[in-house]
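Notes follow once the structure below has been shown.
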Amino acid sequence: MSDNVVPLFEKTTPAPTEAAPAETAAVATAAPVPLWVRSARGIRTVTTHEHTKTACRATARHGLYVLGGTRIVARRTWEGRTASRYERMLRAAEAAGNMEAATEWEERGQRFRQERHRRRMDLLTAPMDAAKGIAAGLGIGAGGLLLLGIMLAVANKDWTDIGAPTMALIELVRWIVFIITVTWGPLVTIGPWAVLLGLWAVGKNQQAAPQWALPANVRSGEGEPITPSIVVLALRNLGVAPLRNAIKEMGDAGASMLGPIRIAGCGVEVDVTLPSGVSTDEVQKRRRKLAENLSRHEHEVFITIAEAARTVRLWVADSGALDEPIGPSPLVTDPDSKADYKSGKAPWGQDLRGDAAALSLYQRHLLITGLSNQGKTAALRALALWVALDRTVEFRIADLKGIGDWGMFDGLATMLIQGPTDDHVVQATEMVEGLVAEMERRLQSPPGTKFTPLIGIVDEAQRAFMCPVIDSEKRPYGGSKAISRYFMAVRTIHNQGRAVDVILWEGTQDPTDQNLPKLVREGAHTRASLVLGTESQARMALGDKAIDGGAAPHLLRQGLDKGTLVVASDGIAIPAGQASITVRTHYIDDDQALEIANQARALRDGVTTLHVIEQGEVRDPLTDIAAVIGDTNRVLTQDVLQRLAVLSEDAYGSWTHADLKRVLDGTAAEPYKSDGRMVVGRERIARALANRDIDGSASAS
C-alpha cells in the first residue's frame with residue numbers, strides 16, 4: 001500500500017491548531033440569559049422596590065380611609081338614632097364597679113327613649129299638620145300678594161298692577177326651576193365624589209387604616225396624637241392584670257374609664273378612673289412603661305392623683321415640646337416692672353399647661369434643692385430680683401459658691417458674703433445669727449410695731465452644714481445637732497421669724513440628712529427641687545406627701561431639664577387634689593440680672609453693703625477662767641461666772657453654769673463638789689492649760 005493511499009477504516013483527525021484570541025473570549029462568554037428570566041428579574045425588582053411599596057401603601061391607605069370613614073359615620077348615625085350608646089356606657093360603668101355612673105347612664109337612656117317615642121308619635125299627625133300649614137300658608141300668601149298688588153295699583157293709578165306681585169313670584173319660581181335644571185346634572189355627578197371625599201376626610205382624621213398602611217412617621221408613633229383608644233390601649237398593656245381584665249370586660253373597650261381629653265399647654269390632660277381592685281400606686285410605679293405605650297419619653301408623661309377616688313390624672317406632652325424654651329422673664333421684657341412683697345407674686349415661669357406660674361413669697365421660708373449646675377442659683381436669684389423691686393425689703397446674702405452669681409446685689413443688699421472657704425462659712429453663720437438677734441429684738445418690741453421685711457439668703461447652704469470649724473467655746477459651726485451654730489440659728493428663724501417678717505431662703509445641693517437636716521428642710525414653707533439622683537433625695541427635698549402624690553424630680557433629665565422645678569407650696573396655684581406642680585422657670589442671665597438690680601437700686605436712697613462681718617474680740621475661755629481664779633485653790637462656780645462677766649461683759653455676760661460646764665468638759669478641769677458646793681480648782685485649770693499647749697491645739701496657737 002502506497003503511502004498516499006488512506007485506508008477506509010482509518011479515522012482522520014485534523015491537526016491541532018492554536019485558537020485565535022477572539023475565539024477564546026467567545027468560548028469563555030456565558031450563554032445569553034433568556035428573555036423570560038430577564039423579565040422576571042425586572043418584575044421582581046419593580047415589585048420589591050421601596051417606591052412601589054410606598055405607592056401601594058398609599059393606595060391602600062386612602063382606600064381604607066374611605067372604608068373606615070364610612071364605618072365611623074355609620075356608627076355615629078346608628079348611635080344617634082338608637083340607645084346603643086347609652087347601653088354601652090351602662091355596661092362599661094357596671095364593669096368598672098361605678099354604680100353611680102351606671103344609674104346616671106340608665107336614666108339618660110330612659111329619657112332618650114321617651115323623647116324618641118314622642119317624636120315618633122308626632123310623625124303620625126305630621127301629614128295633617130303639614131297639609132293644614134300649607135293651606136294656611138297659601139291662603140295668607142295669596143292674600144298678601146293681592147293686597148300688595150292693590151296698594152301698588154293705587155300708588156301707580158294703574159289697575160293692571162294688581163297682578164304684578166303674583167307674576168313676579170311666578171317668574172321667580174320659573175328661574176329657580178331653570179337654575180335647578182341647569183345644575184342638577186353636575187350636582188348628580190359631583191355629589192357622590194363629595195360624599196366620598198367627606199368619608200375619606202373622616203377616616204384620615206381618625207387614622208382609620210391598619211398600621212402597615214400608615215406612613216412611616218405615623219407607624220413609628222413619633223408625634224402620634226393622643227386619642228381615647230391610644231390611652232386605653234396603653235393602660236391595657238401596662239402589665240397590671242386586674243386592669244387588663246377589667247378593660248377586656250368593658251363593653252366599650254375601656255373608654256368609660258376616661259374623662260374628656262383636654263388641651264393643656266403643650267400637651268393634653270385626661271383623668272382616668274381605675275376599675276375596682278386597681279390602685280393609683282400601681283399606675284404611678286409604671287410611668288416609664290406607660291410613656292412608652294403612649295409613644296412618648298418618660299419625661300413627657302406626668303402622673304398625679306386627682307380629687308376623685310381611684311383616679312389618676314395623666315398629662316402627656318407633645319413630642320419634643322418640653323425641649324423648647326419658654327421665653328424670657330417678664331422682668332426682662334418689661335422695664336417698668338414693680339413688685340409688692342406682701343400682696344404680689346413673683347413671675348417665676350410656666351407650668352406644663354403653659355400658664356404663667358407665679359409664686360407668693362410673703363412670710364414664707366424657702367428651700368430650693370437640686371444637683372449641681374441645674375439652675376438652682378438662677379431660680380433662687382430670679383425670685384430675689386423680683387422682690388428687690390420692692391424698696392421696703394432688706395437683703396442679707398451669703399453666697400458660699402463665691403463665683404459672682406450674686407455680685408449684682410452689691411449696693412442693694414446690706415450684707416453680701418461671697419466665698420467658698422470655711423472663713424466665709426463662719427461669716428455666713430454669724431450673718432444668720434444676726435438675723436436671729438434682729439428677730440428677737442422685733443419680738444420684744446411693743447405690740448403693733450410695724451417692721452420692714454428682712455430676707456436672708458444662703459446659697460450653697462450645704463457648705464454651712466458640713467463646715468468642720470469649731471469655735472473657742474467648742475461649738476461647731478456646722479453639723480445637724482443642737483450644738484451646731486448654723487443649724488440652731490436656722491431652726492430659730494424657722495420657728496419664729498415669720499411672725500416679724502424675718503425670712504430665710506436656702507439653696508443646697510444633693511439633699512441628705514448630713515447636709516440638709518430633717519428639721520431644717522421641714523421648716524421651709526416653700527420647697528422646690530430641680531433634678532435629683534434618687535427618690536430618697538426627692539423625698540428629703542419635697543416631703544413624702546408630694547412624692548406619694550406624683551412629684552418626681554428624680555425623673556427629670558439631668559442637663560436637659562435645667563431650670564425645671566417641682567414645687568410644693570401654698571404660695572403657688574396647684575391644681576385641686578395635687579400636692580405639687582412642675583414649673584419651667586424663666587432664665588435671667590448675669591447681664592439681665594444686673595439691669596434689674598440697677599432698676600432696684602434706683603428705687604432706694606442708697607445702700608451700703610458690708611462684705612465682712614465685724615468680729616468681736618477673740619477670747620480664750622480657759623485662759624480667762626485661770627485669770628479670774630488667780631491664786632485661790634478653789635472658787636465657787638457662781639463666783640467664776642461673776643468674775644468672767646466683769647472681765648468681758650460681751651463675751652461672758654450671758655453665760656450660765658451650763659456654758660461653764662460645756663467649756664470645761666473633756667479638759668480634766670470639770671467643776672466638782674467641795675463641801676457640798678460646785679467649785680473650779682486652780683491646779684486642774686493650770687494642768688489643762690499645760691496639756692493643751694503641749695498638744696498644740698488650735699486655741700492655744
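Residue numbering restarts at 1 in every chain; chains get A, B, ... in the order shown in the C-alpha cells, and ligands count up from 1 in that same order.
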
Quick one: residues within 10 Å of Ala499 (chain A), only C-alpha atoms counted, chain neighbours fewer than 6 positions away excluded, as a count of residues only? 5

List every residue of region 466-574 of chain A that DSSP, applied to the backbone of this structure, places in strand (DSSP E), and write the result as JSON, numbers by chain. {"A": [502, 503, 504, 505, 506, 507, 508, 509, 526, 527, 528, 529, 564, 565, 566, 567, 568]}

For those residues, write N, CA and C atoms to a file as a PDB file, in the first residue's frame.
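Printed below is out_0.pdb as written:
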```pdb
ATOM      1  N   VAL A 502     -38.975  88.178 109.371  1.00  0.00           N
ATOM      2  CA  VAL A 502     -37.578  87.792 109.180  1.00  0.00           C
ATOM      3  C   VAL A 502     -37.612  86.420 108.505  1.00  0.00           C
ATOM      4  N   ILE A 503     -37.224  86.383 107.228  1.00  0.00           N
ATOM      5  CA  ILE A 503     -37.407  85.204 106.381  1.00  0.00           C
ATOM      6  C   ILE A 503     -36.044  84.690 105.928  1.00  0.00           C
ATOM      7  N   LEU A 504     -35.941  83.370 105.788  1.00  0.00           N
ATOM      8  CA  LEU A 504     -34.698  82.746 105.344  1.00  0.00           C
ATOM      9  C   LEU A 504     -34.949  81.916 104.091  1.00  0.00           C
ATOM     10  N   TRP A 505     -34.115  82.160 103.066  1.00  0.00           N
ATOM     11  CA  TRP A 505     -34.119  81.343 101.851  1.00  0.00           C
ATOM     12  C   TRP A 505     -32.810  80.580 101.790  1.00  0.00           C
ATOM     13  N   GLU A 506     -32.882  79.310 101.401  1.00  0.00           N
ATOM     14  CA  GLU A 506     -31.677  78.490 101.276  1.00  0.00           C
ATOM     15  C   GLU A 506     -31.679  77.747  99.948  1.00  0.00           C
ATOM     16  N   GLY A 507     -30.504  77.635  99.374  1.00  0.00           N
ATOM     17  CA  GLY A 507     -30.304  76.802  98.199  1.00  0.00           C
ATOM     18  C   GLY A 507     -29.212  75.801  98.503  1.00  0.00           C
ATOM     19  N   THR A 508     -29.461  74.529  98.206  1.00  0.00           N
ATOM     20  CA  THR A 508     -28.487  73.498  98.572  1.00  0.00           C
ATOM     21  C   THR A 508     -28.466  72.399  97.522  1.00  0.00           C
ATOM     22  N   GLN A 509     -27.361  71.660  97.491  1.00  0.00           N
ATOM     23  CA  GLN A 509     -27.183  70.575  96.534  1.00  0.00           C
ATOM     24  C   GLN A 509     -27.400  69.231  97.214  1.00  0.00           C
ATOM     25  N   THR A 526     -42.041  76.871 101.500  1.00  0.00           N
ATOM     26  CA  THR A 526     -41.993  76.595 100.065  1.00  0.00           C
ATOM     27  C   THR A 526     -40.783  75.720  99.794  1.00  0.00           C
ATOM     28  N   ARG A 527     -41.023  74.537  99.248  1.00  0.00           N
ATOM     29  CA  ARG A 527     -39.937  73.598  98.943  1.00  0.00           C
ATOM     30  C   ARG A 527     -39.976  73.296  97.448  1.00  0.00           C
ATOM     31  N   ALA A 528     -38.849  73.483  96.808  1.00  0.00           N
ATOM     32  CA  ALA A 528     -38.762  73.273  95.359  1.00  0.00           C
ATOM     33  C   ALA A 528     -37.516  72.461  95.060  1.00  0.00           C
ATOM     34  N   SER A 529     -37.600  71.642  94.034  1.00  0.00           N
ATOM     35  CA  SER A 529     -36.470  70.785  93.694  1.00  0.00           C
ATOM     36  C   SER A 529     -36.290  70.711  92.190  1.00  0.00           C
ATOM     37  N   THR A 564     -36.066  73.402  85.416  1.00  0.00           N
ATOM     38  CA  THR A 564     -37.389  72.829  85.652  1.00  0.00           C
ATOM     39  C   THR A 564     -37.483  72.382  87.102  1.00  0.00           C
ATOM     40  N   LEU A 565     -38.473  72.896  87.815  1.00  0.00           N
ATOM     41  CA  LEU A 565     -38.616  72.666  89.249  1.00  0.00           C
ATOM     42  C   LEU A 565     -39.927  71.956  89.551  1.00  0.00           C
ATOM     43  N   VAL A 566     -39.901  71.123  90.568  1.00  0.00           N
ATOM     44  CA  VAL A 566     -41.126  70.590  91.146  1.00  0.00           C
ATOM     45  C   VAL A 566     -41.334  71.325  92.466  1.00  0.00           C
ATOM     46  N   VAL A 567     -42.470  72.001  92.611  1.00  0.00           N
ATOM     47  CA  VAL A 567     -42.702  72.924  93.724  1.00  0.00           C
ATOM     48  C   VAL A 567     -43.844  72.409  94.590  1.00  0.00           C
ATOM     49  N   ALA A 568     -43.614  72.426  95.903  1.00  0.00           N
ATOM     50  CA  ALA A 568     -44.662  72.132  96.882  1.00  0.00           C
ATOM     51  C   ALA A 568     -44.788  73.346  97.791  1.00  0.00           C
TER      52      ALA A 568
END
```

Considering only C-alpha atoms, return as an MDAnalysis selection string whatever protein or nucleic-acid residues lie within 9 Å of Arg684 (chain A), sequence-local ones (same chain, fewer than 5 positions apart) excluded. chainID A and resid 667:670 689

What would the file look like if the residues just selected were written as a PDB file, in the first residue's frame with C-alpha atoms?
```
ATOM      1  CA  THR A 667     -10.289  69.079 129.874  1.00  0.00           C
ATOM      2  CA  ALA A 668      -9.904  67.198 133.166  1.00  0.00           C
ATOM      3  CA  ALA A 669     -10.772  70.515 134.876  1.00  0.00           C
ATOM      4  CA  GLU A 670     -14.508  69.997 135.178  1.00  0.00           C
ATOM      5  CA  LEU A 689      -3.743  74.664 130.046  1.00  0.00           C
TER       6      LEU A 689
END
```

Top pick for closest residue to Arg662 (chain A), considering A:Ile483, A:Ala461, A:Met121, A:Ala358 and counting only C-alpha atoms: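 Going through A:Ile483, A:Ala461, A:Met121, A:Ala358 one by one, the smallest distance to Arg662 (chain A) is for A:Ile483.
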
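Coordinates place CA of Val182 (chain A) at a distance of 28.9 Å from CA of Leu145 (chain A).
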
Close residues, region 278-288 of chain A itself excluded, 8 Å, only C-alpha atoms, min 6 positions apart in chain, as a list in words: Leu238, Val240, Pro242, Leu243, His297, Glu298, Val301, Phe302, Ile303, Thr304, Ile305, Arg310, Thr311, Val312 and Gly550 of chain A

Using only all heavy atoms, please write the residues we just selected to a file, as a short mmCIF file (atom, residue, chain, number, x, y, z; two decimals), in the first residue's frame.
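Listing of again_39.cif after writing:
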```
data_model
loop_
_atom_site.label_atom_id
_atom_site.label_comp_id
_atom_site.auth_asym_id
_atom_site.auth_seq_id
_atom_site.Cartn_x
_atom_site.Cartn_y
_atom_site.Cartn_z
N LEU A 238 -50.21 47.79 80.30
CA LEU A 238 -49.32 48.31 81.33
C LEU A 238 -48.71 47.22 82.19
O LEU A 238 -47.75 47.46 82.92
CB LEU A 238 -50.09 49.31 82.20
CG LEU A 238 -49.27 50.31 83.02
CD1 LEU A 238 -48.33 51.11 82.15
CD2 LEU A 238 -50.20 51.25 83.77
N VAL A 240 -50.61 45.38 84.43
CA VAL A 240 -51.43 45.21 85.64
C VAL A 240 -52.59 44.28 85.28
O VAL A 240 -53.51 44.70 84.58
CB VAL A 240 -51.93 46.57 86.17
CG1 VAL A 240 -52.73 46.37 87.45
CG2 VAL A 240 -50.75 47.52 86.41
N PRO A 242 -55.31 42.95 86.86
CA PRO A 242 -56.71 43.36 87.11
C PRO A 242 -57.16 44.47 86.17
O PRO A 242 -58.32 44.48 85.74
CB PRO A 242 -56.69 43.83 88.57
CG PRO A 242 -55.51 43.16 89.19
CD PRO A 242 -54.49 43.07 88.10
N LEU A 243 -56.27 45.38 85.83
CA LEU A 243 -56.63 46.46 84.92
C LEU A 243 -56.88 45.92 83.52
O LEU A 243 -57.85 46.30 82.85
CB LEU A 243 -55.52 47.51 84.90
CG LEU A 243 -55.71 48.71 83.97
CD1 LEU A 243 -56.97 49.48 84.35
CD2 LEU A 243 -54.50 49.64 84.03
N HIS A 297 -41.46 59.83 75.57
CA HIS A 297 -40.38 59.60 76.51
C HIS A 297 -40.92 59.72 77.93
O HIS A 297 -41.97 60.32 78.18
CB HIS A 297 -39.25 60.61 76.28
CG HIS A 297 -38.61 60.49 74.94
ND1 HIS A 297 -37.85 59.41 74.57
CD2 HIS A 297 -38.63 61.32 73.86
CE1 HIS A 297 -37.41 59.58 73.33
NE2 HIS A 297 -37.87 60.73 72.88
N GLU A 298 -40.16 59.17 78.87
CA GLU A 298 -40.64 59.15 80.26
C GLU A 298 -40.87 60.55 80.81
O GLU A 298 -41.84 60.79 81.53
CB GLU A 298 -39.62 58.41 81.13
CG GLU A 298 -40.06 58.25 82.58
CD GLU A 298 -39.05 57.48 83.40
OE1 GLU A 298 -37.93 57.26 82.92
OE2 GLU A 298 -39.38 57.11 84.54
N VAL A 301 -44.43 62.41 80.25
CA VAL A 301 -45.67 61.93 80.85
C VAL A 301 -45.59 62.16 82.36
O VAL A 301 -44.63 61.75 83.00
CB VAL A 301 -45.90 60.43 80.56
CG1 VAL A 301 -47.13 59.92 81.31
CG2 VAL A 301 -46.06 60.20 79.07
N PHE A 302 -46.60 62.84 82.91
CA PHE A 302 -46.67 63.10 84.34
C PHE A 302 -47.96 62.49 84.88
O PHE A 302 -49.03 62.65 84.30
CB PHE A 302 -46.63 64.60 84.62
CG PHE A 302 -45.29 65.23 84.39
CD1 PHE A 302 -44.88 65.56 83.11
CD2 PHE A 302 -44.42 65.45 85.45
CE1 PHE A 302 -43.63 66.12 82.88
CE2 PHE A 302 -43.18 66.00 85.23
CZ PHE A 302 -42.78 66.34 83.96
N ILE A 303 -47.84 61.80 86.00
CA ILE A 303 -48.97 61.12 86.62
C ILE A 303 -49.20 61.73 88.00
O ILE A 303 -48.31 61.69 88.85
CB ILE A 303 -48.72 59.61 86.76
CG1 ILE A 303 -48.35 59.00 85.39
CG2 ILE A 303 -49.93 58.91 87.34
CD1 ILE A 303 -47.92 57.55 85.47
N THR A 304 -50.36 62.30 88.22
CA THR A 304 -50.71 62.87 89.52
C THR A 304 -52.04 62.28 89.97
O THR A 304 -52.75 61.64 89.20
CB THR A 304 -50.81 64.40 89.45
OG1 THR A 304 -51.72 64.77 88.41
CG2 THR A 304 -49.45 65.02 89.15
N ILE A 305 -52.36 62.52 91.23
CA ILE A 305 -53.58 61.98 91.82
C ILE A 305 -54.65 63.06 91.80
O ILE A 305 -54.45 64.15 92.32
CB ILE A 305 -53.33 61.49 93.26
CG1 ILE A 305 -52.15 60.51 93.28
CG2 ILE A 305 -54.58 60.84 93.81
CD1 ILE A 305 -52.34 59.30 92.41
N ARG A 310 -59.77 56.71 93.28
CA ARG A 310 -59.30 55.77 92.25
C ARG A 310 -59.09 56.46 90.90
O ARG A 310 -59.30 55.87 89.85
CB ARG A 310 -60.30 54.63 92.05
CG ARG A 310 -60.34 53.62 93.15
CD ARG A 310 -60.94 52.28 92.72
NE ARG A 310 -61.81 52.30 91.59
CZ ARG A 310 -63.13 52.41 91.66
NH1 ARG A 310 -63.72 52.55 92.83
NH2 ARG A 310 -63.86 52.39 90.58
N THR A 311 -58.66 57.70 90.93
CA THR A 311 -58.50 58.46 89.68
C THR A 311 -57.08 59.00 89.59
O THR A 311 -56.58 59.61 90.55
CB THR A 311 -59.50 59.62 89.60
OG1 THR A 311 -60.83 59.11 89.70
CG2 THR A 311 -59.34 60.38 88.30
N VAL A 312 -56.43 58.76 88.46
CA VAL A 312 -55.14 59.36 88.18
C VAL A 312 -55.30 60.35 87.04
O VAL A 312 -56.14 60.17 86.16
CB VAL A 312 -54.07 58.30 87.81
CG1 VAL A 312 -53.75 57.42 88.99
CG2 VAL A 312 -54.53 57.47 86.62
N GLY A 550 -47.27 62.09 93.34
CA GLY A 550 -46.85 62.10 91.93
C GLY A 550 -45.67 62.97 91.63
O GLY A 550 -45.15 62.93 90.49
#
```
